[in-house]
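K.L.:
Pasting upload.cif below, which is mmCIF, C-alpha atoms.
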```cif
data_data
#
loop_
_atom_site.label_atom_id
_atom_site.label_comp_id
_atom_site.auth_asym_id
_atom_site.auth_seq_id
_atom_site.Cartn_x
_atom_site.Cartn_y
_atom_site.Cartn_z
CA MET C 1 -86.02 -29.66 -3.69
CA VAL C 2 -86.16 -30.20 -7.44
CA THR C 3 -85.35 -27.76 -10.22
CA ILE C 4 -87.05 -28.41 -13.54
CA GLU C 5 -86.51 -25.51 -15.92
CA GLU C 6 -87.39 -25.26 -19.58
CA THR C 7 -87.19 -22.46 -22.09
CA LEU C 8 -89.21 -23.22 -25.21
CA LYS C 9 -88.50 -21.16 -28.33
CA GLY C 10 -90.08 -20.97 -31.75
CA SER C 11 -86.92 -22.52 -33.19
CA ASP C 12 -87.55 -25.68 -31.13
CA VAL C 13 -90.85 -26.16 -32.90
CA ASP C 14 -89.33 -25.33 -36.30
CA SER C 15 -86.70 -28.03 -35.83
CA ALA C 16 -89.44 -30.58 -35.18
CA LEU C 17 -91.34 -29.43 -38.27
CA SER C 18 -88.47 -28.91 -40.67
CA VAL C 19 -90.24 -30.34 -43.71
CA GLY C 20 -93.16 -28.34 -45.10
CA PRO C 21 -95.81 -27.53 -45.95
CA TYR C 22 -97.51 -29.00 -42.94
CA LEU C 23 -100.60 -28.82 -40.76
CA ILE C 24 -99.97 -28.83 -37.00
CA TYR C 25 -102.09 -31.18 -34.95
CA ALA C 26 -103.73 -29.14 -32.21
CA GLU C 27 -102.73 -31.48 -29.36
CA VAL C 28 -99.07 -32.03 -28.47
CA LEU C 29 -98.30 -35.64 -27.52
CA GLU C 30 -96.50 -35.76 -24.19
CA GLY C 31 -96.32 -39.51 -23.64
CA ALA C 32 -96.61 -41.15 -20.23
CA ARG C 33 -95.48 -40.04 -16.79
CA ARG C 34 -94.79 -42.36 -13.88
CA PRO C 35 -97.77 -43.58 -11.79
CA LEU C 36 -97.67 -42.08 -8.28
CA ALA C 37 -97.73 -45.38 -6.43
CA PHE C 38 -96.07 -44.24 -3.20
CA LEU C 39 -98.35 -41.22 -2.85
CA GLU C 40 -101.33 -43.53 -3.28
CA ALA C 41 -100.12 -45.63 -0.35
CA ALA C 42 -99.40 -42.62 1.88
CA GLY C 43 -101.88 -40.67 3.94
CA GLU C 44 -102.10 -36.89 3.99
CA ASP C 45 -101.98 -34.32 6.78
CA THR C 46 -103.02 -30.72 6.16
CA SER C 47 -102.72 -29.42 9.74
CA LEU C 48 -99.94 -26.96 8.83
CA ILE C 49 -101.85 -25.25 6.03
CA GLY C 50 -102.69 -21.73 7.13
CA LYS C 51 -101.13 -22.24 10.59
CA ALA C 52 -98.07 -20.66 12.21
CA GLY C 53 -94.85 -22.64 11.88
CA ASN C 54 -93.69 -25.38 9.54
CA THR C 55 -93.18 -28.35 11.91
CA ILE C 56 -95.66 -30.96 13.08
CA LYS C 57 -95.09 -33.67 15.70
CA PHE C 58 -96.86 -37.01 15.75
CA LEU C 59 -97.10 -38.37 19.32
CA LYS C 60 -96.58 -42.10 19.81
CA ALA C 61 -97.53 -43.90 23.03
CA SER C 62 -96.57 -47.36 24.26
CA GLN C 63 -99.24 -49.96 25.01
CA LEU C 64 -100.39 -50.71 28.55
CA SER C 65 -100.14 -54.27 29.87
CA ALA C 66 -102.28 -56.22 32.33
CA THR C 67 -101.36 -58.73 35.05
CA HIS C 68 -102.97 -60.93 37.69
CA VAL C 69 -103.10 -60.35 41.44
CA THR C 70 -104.44 -62.56 44.23
CA GLU C 71 -106.97 -61.30 46.72
CA ALA C 72 -104.39 -61.54 49.55
CA SER C 73 -101.84 -59.51 47.59
CA MET C 74 -104.48 -56.97 46.73
CA ILE C 75 -105.30 -56.47 50.40
CA GLY C 76 -101.61 -56.30 51.27
CA SER C 77 -99.42 -54.51 48.76
CA GLY C 78 -102.26 -53.69 46.40
CA MET C 79 -101.95 -53.14 42.69
CA SER C 80 -98.99 -51.57 40.91
CA ALA C 81 -99.69 -48.81 38.43
CA GLY C 82 -98.32 -48.74 34.92
CA ASP C 83 -98.03 -45.83 32.55
CA LYS C 84 -97.62 -45.12 28.88
CA THR C 85 -94.29 -43.85 27.62
CA MET C 86 -94.43 -41.08 25.04
CA SER C 87 -92.26 -40.34 22.02
CA ALA C 88 -92.65 -38.05 19.02
CA VAL C 89 -91.96 -38.19 15.29
CA SER C 90 -91.55 -34.70 13.84
CA VAL C 91 -91.28 -33.37 10.32
CA SER C 92 -90.47 -29.84 9.17
CA VAL C 93 -91.71 -28.65 5.79
CA THR C 94 -89.04 -26.07 4.99
CA GLY C 95 -88.38 -26.63 1.28
CA VAL C 96 -90.23 -25.84 -1.92
CA ILE C 97 -90.70 -28.26 -4.81
CA TYR C 98 -91.10 -26.40 -8.07
CA SER C 99 -91.13 -26.58 -11.85
CA ALA C 100 -90.60 -23.46 -13.99
CA VAL C 101 -90.87 -22.59 -17.68
CA GLU C 102 -90.61 -19.55 -19.95
CA LEU C 103 -92.97 -19.04 -22.89
CA SER C 104 -92.11 -16.41 -25.49
CA ASP C 105 -94.64 -14.13 -27.18
CA ILE C 106 -93.22 -15.13 -30.58
CA LEU C 107 -93.86 -18.82 -29.93
CA MET C 108 -97.51 -18.24 -29.00
CA GLU C 109 -97.99 -15.85 -31.95
CA ASP C 110 -96.47 -18.24 -34.49
CA TYR C 111 -98.40 -21.31 -33.29
CA PRO C 112 -101.66 -19.96 -31.80
CA ASN C 113 -103.62 -23.18 -32.37
CA ILE C 114 -101.63 -24.89 -29.60
CA ASP C 115 -102.58 -23.98 -26.04
CA TRP C 116 -98.99 -23.64 -24.81
CA VAL C 117 -99.95 -22.37 -21.35
CA ARG C 118 -102.30 -25.26 -20.58
CA LEU C 119 -99.81 -27.74 -22.02
CA HIS C 120 -97.03 -26.56 -19.72
CA LEU C 121 -99.10 -25.98 -16.59
CA ARG C 122 -100.52 -29.49 -16.74
CA ASN C 123 -97.06 -31.01 -17.15
CA MET C 124 -95.52 -28.82 -14.43
CA GLY C 125 -98.12 -29.98 -11.95
CA LYS C 126 -97.37 -33.60 -12.82
CA ALA C 127 -93.63 -32.93 -12.47
CA VAL C 128 -93.81 -31.62 -8.90
CA MET C 129 -96.13 -34.45 -7.79
CA GLU C 130 -93.84 -36.99 -9.44
CA TYR C 131 -90.94 -35.56 -7.45
CA LEU C 132 -92.96 -35.76 -4.22
CA ASP C 133 -93.73 -39.41 -5.02
CA ALA C 134 -90.00 -40.14 -5.41
CA ASP C 135 -89.27 -38.30 -2.17
CA THR C 136 -91.86 -40.46 -0.40
CA LYS C 137 -90.16 -43.58 -1.72
CA ASP C 138 -86.77 -42.39 -0.44
CA VAL C 139 -88.21 -41.67 3.03
CA ILE C 140 -89.71 -45.18 3.20
CA GLN C 141 -86.46 -46.74 2.01
CA ALA C 142 -84.46 -44.90 4.68
CA ALA C 143 -86.84 -45.72 7.54
CA SER C 144 -85.53 -47.84 10.43
CA GLY C 145 -87.58 -50.18 12.59
CA THR C 146 -89.54 -51.75 9.73
CA ALA C 147 -90.18 -55.44 9.26
CA THR C 148 -87.85 -57.03 6.68
CA LYS C 149 -87.89 -59.99 4.32
CA SER C 150 -85.20 -61.25 1.92
CA CYS C 151 -85.70 -63.45 -1.12
CA SER C 152 -84.20 -64.34 -4.48
CA ASP C 153 -87.46 -63.69 -6.36
CA LEU C 154 -90.73 -62.07 -5.33
CA THR C 155 -93.26 -64.91 -5.11
CA TYR C 156 -96.61 -65.65 -3.52
CA ASP C 157 -94.87 -67.39 -0.60
CA VAL C 158 -92.59 -64.38 -0.03
CA VAL C 159 -95.51 -61.96 0.15
CA ILE C 160 -97.33 -64.26 2.60
CA ASP C 161 -94.20 -64.44 4.79
CA ALA C 162 -93.80 -60.66 4.66
CA MET C 163 -97.41 -60.26 5.78
CA ALA C 164 -96.68 -62.66 8.65
CA ALA C 165 -93.73 -60.47 9.69
CA LEU C 166 -96.10 -57.49 9.89
CA GLU C 167 -98.61 -59.54 11.87
CA ASN C 168 -95.84 -60.33 14.35
CA ASN C 169 -95.77 -56.55 14.90
CA ASN C 170 -99.56 -56.80 15.53
CA PHE C 171 -100.43 -55.14 12.24
CA VAL C 172 -103.20 -57.40 11.00
CA ALA C 173 -104.75 -56.70 7.61
CA ASP C 174 -108.39 -55.80 7.23
CA PRO C 175 -109.75 -57.51 4.07
CA ARG C 176 -111.94 -54.44 3.48
CA ASN C 177 -108.91 -52.13 3.61
CA PRO C 178 -105.82 -54.22 2.78
CA PRO C 179 -102.20 -53.03 2.77
CA PHE C 180 -100.36 -51.95 -0.37
CA LEU C 181 -97.73 -54.05 -2.10
CA ILE C 182 -95.53 -51.75 -4.22
CA ALA C 183 -93.10 -53.43 -6.60
CA SER C 184 -91.47 -52.93 -9.99
CA PRO C 185 -93.44 -53.89 -13.12
CA ASP C 186 -91.09 -56.85 -13.70
CA ALA C 187 -91.55 -58.11 -10.13
CA VAL C 188 -95.34 -57.89 -10.49
CA ALA C 189 -95.10 -59.73 -13.80
CA GLY C 190 -93.29 -62.51 -11.98
CA LEU C 191 -96.04 -62.62 -9.37
CA MET C 192 -98.69 -63.04 -12.06
CA LYS C 193 -96.82 -66.09 -13.39
CA ASP C 194 -96.71 -67.73 -9.96
CA THR C 195 -98.78 -70.91 -10.24
CA LYS C 196 -99.81 -70.67 -6.58
CA PHE C 197 -101.59 -67.41 -7.41
CA VAL C 198 -103.52 -68.86 -10.36
CA THR C 199 -104.47 -72.18 -8.74
CA SER C 200 -108.25 -72.38 -9.04
CA GLU C 201 -108.62 -74.19 -5.70
CA ARG C 202 -107.77 -70.92 -3.94
CA TYR C 203 -110.81 -69.14 -5.35
CA THR C 204 -114.54 -69.29 -4.90
CA ALA C 205 -116.76 -69.70 -7.95
CA TYR C 206 -117.34 -65.94 -7.90
CA GLU C 207 -113.59 -65.17 -7.96
CA ILE C 208 -112.51 -67.67 -10.64
CA SER C 209 -113.34 -65.22 -13.44
CA ARG C 210 -110.95 -62.71 -11.88
CA MET C 211 -108.20 -65.30 -11.66
CA VAL C 212 -108.66 -66.37 -15.28
CA GLU C 213 -108.47 -62.74 -16.41
CA GLY C 214 -105.15 -62.38 -14.55
CA GLU C 215 -106.20 -59.51 -12.33
CA ALA C 216 -103.19 -57.85 -10.67
CA GLY C 217 -105.28 -55.65 -8.43
CA HIS C 218 -104.94 -57.92 -5.38
CA PHE C 219 -102.31 -60.47 -4.44
CA ALA C 220 -101.91 -62.46 -1.20
CA GLY C 221 -104.21 -60.06 0.64
CA CYS C 222 -102.51 -56.90 -0.71
CA ARG C 223 -103.45 -54.19 -3.17
CA VAL C 224 -100.77 -54.29 -5.85
CA LEU C 225 -99.22 -51.06 -7.15
CA LYS C 226 -96.45 -50.81 -9.74
CA SER C 227 -93.71 -48.19 -9.79
CA SER C 228 -90.88 -47.85 -12.29
CA LEU C 229 -88.90 -46.19 -9.47
CA LEU C 230 -88.24 -49.73 -8.20
CA ASP C 231 -87.06 -51.09 -11.56
CA GLY C 232 -83.73 -52.84 -11.00
CA THR C 233 -83.46 -51.75 -7.35
CA GLY C 234 -84.16 -55.14 -5.80
CA HIS C 235 -86.74 -53.65 -3.45
CA ALA C 236 -90.47 -54.01 -2.84
CA TYR C 237 -92.59 -52.72 0.03
CA ILE C 238 -95.74 -53.67 1.88
CA ILE C 239 -97.31 -50.60 3.50
CA PHE C 240 -100.38 -50.48 5.70
CA PRO C 241 -102.83 -47.70 4.82
CA SER C 242 -103.03 -44.79 7.24
CA ASP C 243 -106.81 -45.19 7.52
CA ALA C 244 -106.72 -48.84 8.64
CA GLY C 245 -107.29 -47.99 12.32
CA TYR C 246 -103.66 -47.90 13.44
CA GLY C 247 -103.09 -44.21 12.75
CA PRO C 248 -100.65 -42.69 10.24
CA ILE C 249 -98.03 -45.08 8.82
CA VAL C 250 -96.58 -43.04 5.95
CA THR C 251 -97.91 -39.49 5.69
CA VAL C 252 -97.35 -36.55 3.37
CA VAL C 253 -97.48 -33.34 5.42
CA TRP C 254 -98.65 -30.29 3.48
CA LYS C 255 -97.77 -26.69 4.25
CA ARG C 256 -99.11 -25.38 0.95
CA ARG C 257 -100.97 -27.03 -1.89
CA LEU C 258 -100.06 -26.57 -5.54
CA THR C 259 -99.74 -22.90 -6.52
CA VAL C 260 -99.10 -21.39 -9.95
CA LYS C 261 -97.69 -17.89 -10.44
CA ASN C 262 -96.54 -16.04 -13.55
CA ASP C 263 -94.48 -12.97 -14.33
CA TYR C 264 -94.43 -11.21 -17.70
CA ILE C 265 -91.07 -9.71 -18.73
CA ALA C 266 -92.05 -7.05 -21.28
CA THR C 267 -88.49 -6.12 -22.26
CA LYS C 268 -87.72 -9.70 -23.26
CA GLY C 269 -91.15 -10.70 -24.55
CA TYR C 270 -91.72 -13.81 -22.47
CA THR C 271 -93.82 -14.99 -19.53
CA TYR C 272 -92.21 -16.90 -16.66
CA PHE C 273 -94.47 -19.54 -15.08
CA VAL C 274 -93.63 -21.36 -11.83
CA THR C 275 -95.60 -24.16 -10.18
CA THR C 276 -94.76 -24.91 -6.52
CA ILE C 277 -95.83 -27.01 -3.57
CA ARG C 278 -94.63 -27.23 0.02
CA ALA C 279 -94.93 -30.79 1.27
CA LYS C 280 -92.80 -33.52 2.83
CA ALA C 281 -93.21 -37.22 3.52
CA VAL C 282 -92.58 -38.85 6.91
CA VAL C 283 -92.72 -42.41 8.25
CA VAL C 284 -94.66 -42.22 11.52
CA GLN C 285 -94.97 -45.93 12.34
CA PRO C 286 -92.28 -48.04 10.64
CA GLU C 287 -93.82 -51.13 12.28
CA GLY C 288 -96.53 -50.96 9.62
CA ILE C 289 -94.03 -51.36 6.75
CA CYS C 290 -92.20 -54.43 5.47
CA LYS C 291 -89.15 -53.94 3.24
CA ILE C 292 -88.60 -56.83 0.84
CA SER C 293 -85.07 -57.27 -0.56
CA ILE C 294 -84.95 -59.21 -3.85
CA THR C 295 -81.58 -60.67 -4.82
CA ASN C 296 -82.39 -61.05 -8.52
CA SER C 297 -83.32 -57.32 -8.69
CA PRO C 298 -86.30 -57.34 -11.08
#
```
What do you get writing this file as structure tokens?
P.N.:
Amino acid sequence: MVTIEETLKGSDVDSALSVGPYLIYAEVLEGARRPLAFLEAAGEDTSLIGKAGNTIKFLKASQLSATHVTEASMIGSGMSAGDKTMSAVSVSVTGVIYSAVELSDILMEDYPNIDWVRLHLRNMGKAVMEYLDADTKDVIQAASGTATKSCSDLTYDVVIDAMAALENNNFVADPRNPPFLIASPDAVAGLMKDTKFVTSERYTAYEISRMVEGEAGHFAGCRVLKSSLLDGTGHAYIIFPSDAGYGPIVTVVWKRRLTVKNDYIATKGYTYFVTTIRAKAVVVQPEGICKISITNSP
């Protein structure tokens, strides 16, 4: 659960505009928020929305095997029966992620050309989704049973070896729906400098233009996503998409989508706005994830 509270007063604006006279630009510049790379790699499950309870279980079954039997053995002892073993991965969505602000009547009266409500609601929605993205990263990082790969620097060869580790778990990439490689911006920058990536012999005539332009969209059979959450952590991840035919790998389970409520406090002259979601990430099949540990921590 995250608590992001802000009380904005007219004096806060005055301090930013201490030298007058002035004309206020109608749009407040908020800067950039973090890309939601881990949410992009995760699937979504909405089964709990509008249903009783807050827990969902994902059933996992073992694979059946086959064997050979001679005709004489078949007549004698016959065939032996096998069976699938069942296990379950469960997740309970019991918490609330929220962002809350207070807007005073005086502020909105003094600066009516700025849409304070829209400004805050937009940013509150981004805040709760950014928190959910970080929570998804933490769940992936804590997962056990994943494939692993260690290296000093993230290179083309390392990504290829990590993909091989996933293939040893029988997770084979579909070129039409490749897995995600999530790394820090510095690690991706290092990948783009890897001469094995930009060697023209690896490309068809159609693809050479993409190589020359330095496209970071795909690398070693992966879709590349950047996240500043991984800056300096020494970690990168390869994650199979949940719609690749293997079932959910990483999934965000929703109990309630984004909701905005407000309460006007007449005696104090302000409106309290709160934006909330109820959602939680879970790793269903860790076999579809490879954790890459990078010694040089880009």
K.L.:
Please give the centre and size of the box around stretch 242-256 of chain C (axis-aligned, containing every atom listed in the file, 3 Å added per side), with values in Å to one decimal and written as JSON.
P.N.:
```
{"center_x": -101.9, "center_y": -37.1, "center_z": 7.2, "size_x": 16.7, "size_y": 29.5, "size_z": 18.5}
```
K.L.:
I want to know what sits within 12 Å of C:Thr295, based on only C-alpha atoms, with residues of the same chain fewer than 4 positions away left out; could you give that as a list in words?
P.N.:
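Counting only C-alpha atoms, the residues come to Lys149, Ser150, Cys151, Ser152, Asp153, Leu154, Ala187, Gly232, Thr233, Gly234, His235 and Ala236 of chain C.
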K.L.:
Hey, can you check how far atom CA of C:Ala189 sits from atom CA of C:Tyr131?
P.N.:
25.3 Å
K.L.:
Take atom CA of C:Met124 and atom CA of C:Thr275 and report the distance between them in Å, one decimal.
P.N.:
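Rounded to one decimal, the two atoms are 6.3 Å apart.
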K.L.:
Show which residues sit within 10 Å of C:Ala143, as a short mmCIF file (atom, residue, chain, number, x, y, z; two decimals) with C-alpha atoms, in the coordinates of the input. Count only C-alpha atoms, and ignore same-chain residues fewer than 6 positions away.
P.N.:
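What follows is the written file around-v2.cif:
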```cif
data_model
loop_
_atom_site.label_atom_id
_atom_site.label_comp_id
_atom_site.auth_asym_id
_atom_site.auth_seq_id
_atom_site.Cartn_x
_atom_site.Cartn_y
_atom_site.Cartn_z
CA VAL C 282 -92.58 -38.85 6.91
CA VAL C 283 -92.72 -42.41 8.25
CA VAL C 284 -94.66 -42.22 11.52
CA GLN C 285 -94.97 -45.93 12.34
CA PRO C 286 -92.28 -48.04 10.64
CA ILE C 289 -94.03 -51.36 6.75
CA LYS C 291 -89.15 -53.94 3.24
#
```
K.L.:
In terms of the shortest atom-to-atom distance over only C-alpha atoms, which of C:Gln63, C:Asn168, C:Ser80, C:Thr259 is closest to C:Val128?
P.N.:
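Under the stated criterion, the closest residue is C:Thr259.
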K.L.:
For atom CA of C:Met108 and atom CA of C:Lys126, quote the distance in Å rounded to one decimal.
P.N.:
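Value for the atom CA of C:Met108-atom CA of C:Lys126 distance: 22.3 Å.
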K.L.:
Residues within 12 Å of C:Ala41, please, as an MDAnalysis selection string. Count only C-alpha atoms; anything in the same chain fewer than 3 positions from it doesn't count.
P.N.:
chainID C and resid 35:38 44 133 136:137 140 177:182 222:227 237:244 248:252 281 283 288:289
K.L.:
What would the list of residues within 8 Å of (-95.1, -16.6, -10.4) (file frame) look like as number ranges by chain, if all atoms listed in the file are what count?
P.N.:
C: 260-263, 272-275
K.L.:
Between C:Asp161, C:Lys193, C:Asp105, C:Leu258, which has the minimum distance to C:Ala279 (counting all atoms listed in the file)?
P.N.:
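Looking only at the distances to C:Ala279, the closest residue turns out to be C:Leu258.
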K.L.:
With only C-alpha atoms as the counted atoms, please give the residues lying no more than 12 Å from C:Ala127, apart from itself and same-chain residues fewer than 3 positions off, as a list in words.
P.N.:
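The filter keeps Val2, Thr3, Ile4, Glu5, Ala32, Arg33, Arg34, Pro35, Leu36, Ile97, Tyr98, Ser99, Ala100, Val101, His120, Leu121, Arg122, Asn123, Met124, Glu130, Tyr131, Leu132, Asp133, Ala134, Leu258, Val274, Thr275, Thr276 and Ile277 of chain C.
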K.L.:
Decode the PyMOL selection byres ((chain C and resi 148) around 8) for the given file into explicit residues and return them as a list in words.
P.N.:
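Here the PyMOL selection byres ((chain C and resi 148) around 8) matches Thr146, Ala147, Lys149, Ser150, Ala162, Ala165, Cys290, Lys291, Ile292 and Ser293 of chain C.
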K.L.:
Once you have the residues from the selection above, write them out as a compact mmCIF listing (two decimals), in the frame of the given file, restricted to C-alpha atoms.
P.N.:
```txt
# COMPACT_ATOMS: atom_id res chain seq x y z
CA THR C 146 -89.54 -51.75 9.73
CA ALA C 147 -90.18 -55.44 9.26
CA LYS C 149 -87.89 -59.99 4.32
CA SER C 150 -85.20 -61.25 1.92
CA ALA C 162 -93.80 -60.66 4.66
CA ALA C 165 -93.73 -60.47 9.69
CA CYS C 290 -92.20 -54.43 5.47
CA LYS C 291 -89.15 -53.94 3.24
CA ILE C 292 -88.60 -56.83 0.84
CA SER C 293 -85.07 -57.27 -0.56
```
K.L.:
Which residues would end up in the selection if the PyMOL selection byres ((chain C and resi 56-59) around 9) were applied here, given that I need the answer as a list in words?
P.N.:
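With the shown file as input, the PyMOL selection byres ((chain C and resi 56-59) around 9) matches Ser47, Leu48, Gly53, Asn54, Thr55, Lys60, Ala61, Met86, Ser87, Ala88, Val89, Ser90, Val91, Ser92, Val93, Pro248, Val253 and Val284 of chain C.
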K.L.:
Excluding same-chain residues fewer than 6 positions from C:Thr67, what lies within 12 Å of it counting all atoms listed in the file, as a ChimeraX atom specification?
P.N.:
/C:79-82
K.L.:
For C:Ala42, which residue among C:Val139, C:Thr85, C:Pro112, C:Ser228 is the nearest when counting all atoms listed in the file?
P.N.:
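Under the stated criterion, the closest residue is C:Val139.
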K.L.:
Using the chain letters and numbers from the file, give me the residues hit by the PyMOL selection byres ((chain C and resi 220) around 7), as a list in words.
P.N.:
Tyr156, Val159, Ile160, His218, Phe219, Gly221 and Cys222 of chain C
